[in-house]
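Below is one structure, written out as structure tokens; the observations come after it.
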Amino acid sequence: MRILSAIYFDDNGIKTEFTLGNITSAIYENKLKGKLYCPSENCSARISYSRGKKAHFKTWRMDVHSNGCIFRFERIAMNTGVNTTETISVEIPYSRRQKALQEAFRIMNLSEDEKAALHSNITSSSRNKERAISRIKKNVTGMQMVLFDGEEYDHQLMKPRTYICKRLVDEITKMDIDKIRLVMGNVVSVRGIGEVAEIVVENNNQSIKVVFEEAFIAERLNSSYLNKYWSIERLMKETGNVQFTGIGDIRKKSNAERPELVIYHGSDFKVNNTDMSRLAAQFARRDIDEE
């Protein structure tokens with residue numbers, strides 16, 4: 001979830017909330033740097049302000065949000081023949097996420113021969129790549145992908161264009177838990193829960209729940225997706241087969257429960273390669289034309 005404000009306590013303990021609308025680089029550098037905190041109750045993580053291409057708040061480097069904080073994420077250091085001295089959270093740009101969703105839909109609709117050829121090309125490419133062996137360990141900056149509030153791409157990053165892993169539902173393993181993944185499968189049910197819904201997606205008799213939590217509802221950019229899940233049910237009735245592609249966090253509460261895909265952005269999932277908000281608008285226009 002995007003951080004929209006930060007809390008500042010002055011020397012007298014008086015609390016002030018700063019938003020992007022009432023903070024500037026000068027105010028931040030001269031007064032607030034290192035003294036802004038997470039707006040969530042009982043969370044002591046510091047918040048920094050970045051002007052960049054688009055001004056935004058982000059988590060102070062290496063600070064950790066408290067358990068239960070909606071802004072909490074885990075930092076995972078990369079360790080491939082190097083000493084990782086620091087980890088940077090790198091945001092996956094919107095354009096990359098959209099391109100990945102388009103590619104996933106294309107893959108889902110390949111013929112069996114095309115899938116076999118694709119698999120053969122990937123396998124052959126992997127075999128032919130020379131494997132670099134690091135004899136001298138270097139101190140480098142590691143990277144963790146996040147869906148929002150990350151750093152800009154940096155020359156220090158080992159892999160500045162880390163691949164967004166795609167998984168059909170039945171390909172998800174325990175190694176994918178707590179990771180960002182692009183999940184593919186067929187919608188089998190949609191259950192409305194207030195303004196959002198719980199979607200069950202499956203492939204080869206394996207299923208995953210797609211959930212939209214409070215962070216999704218609270219994000220103002222998702223307002224056009226709320227109360228629109230009926231459009232997926234209608235699409236299922238009209239076409240009989242609805243393909244789902246979505247990017248989010250894979251989560252599993254217990255071994256007994258099936259995994260969940262947590263979606264944070266309305267634009268990060270599609271049904272039959274169509275944005276749900278756009279799909280609902282298409283149905284609404286069609287109903288008006290038929291009246």
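Starting from 1 in every chain, residues are counted up; chains themselves are A, B, ... following the order of the structure tokens, and ligands are numbered from 1 as listed.
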Q) Could you pull the residues within 10 Å of Lys174 (chain A), counting only C-alpha atoms, minus those fewer than 2 positions along the same chain, as a ChimeraX atom specification? A) /A:172,176-179,250-252,255,259
Q | Neighbour list for His65 (chain A) as a ChimeraX atom specification, cut-off 8 Å, only C-alpha atoms, skip fewer than 2 positions in-chain | A | /A:38,43-45,63,67,69,71-73
(Q) Give me the residues near Asp10 (chain A) as a ChimeraX atom specification, where near means some atom within 9 Å (using only C-alpha atoms) and where sequence neighbours in that chain fewer than 5 positions away do not count. (A) /A:15-16,35
Mind writing the picked residues with N, CA, C and O atoms as an mmCIF file, in the first residue's frame?
```cif
data_model
loop_
_atom_site.group_PDB
_atom_site.id
_atom_site.type_symbol
_atom_site.label_atom_id
_atom_site.label_comp_id
_atom_site.auth_asym_id
_atom_site.auth_seq_id
_atom_site.Cartn_x
_atom_site.Cartn_y
_atom_site.Cartn_z
ATOM 1 N N LYS A 15 2.231 16.178 18.083
ATOM 2 C CA LYS A 15 2.169 15.350 16.878
ATOM 3 C C LYS A 15 1.649 16.147 15.687
ATOM 4 O O LYS A 15 0.648 16.855 15.788
ATOM 5 N N THR A 16 2.358 16.031 14.557
ATOM 6 C CA THR A 16 1.932 16.670 13.309
ATOM 7 C C THR A 16 1.981 15.638 12.186
ATOM 8 O O THR A 16 2.958 14.910 12.059
ATOM 9 N N LYS A 35 13.174 12.131 11.294
ATOM 10 C CA LYS A 35 12.232 12.355 12.386
ATOM 11 C C LYS A 35 10.786 12.111 11.981
ATOM 12 O O LYS A 35 9.856 12.470 12.707
#
```
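CA of Glu29 (chain A) sits 20.1 Å away from CA of Gly13 (chain A).
Residue nearest Phe9 (chain A) within the list A:Gly34, A:Gly21, A:Gly192, A:Pro93: A:Gly34 [criterion: smallest interatomic distance, only C-alpha atoms].
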Q: List the neighbours of Glu17 (chain A) out to 7 Å using only C-alpha atoms; skip same-chain residues closer than 2 positions along the sequence, and give me the result as an MDAnalysis selection string.
A: chainID A and resid 5:8 15 19
Q.
I want to know what sits within 12 Å of Glu213 (chain A), based on only C-alpha atoms, with residues of the same chain fewer than 6 positions away left out; could you give that as a VMD selection string?
A. chain A and resid 1 70 193 to 198 219 222 226 248 to 249 260 to 266
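Atom pair CA of Asn204 (chain A) / CA of Gln98 (chain A): separated by 25.5 Å.
The two atoms in question, CA of Met236 (chain A) and CA of Ser223 (chain A), are spaced 23.2 Å apart.
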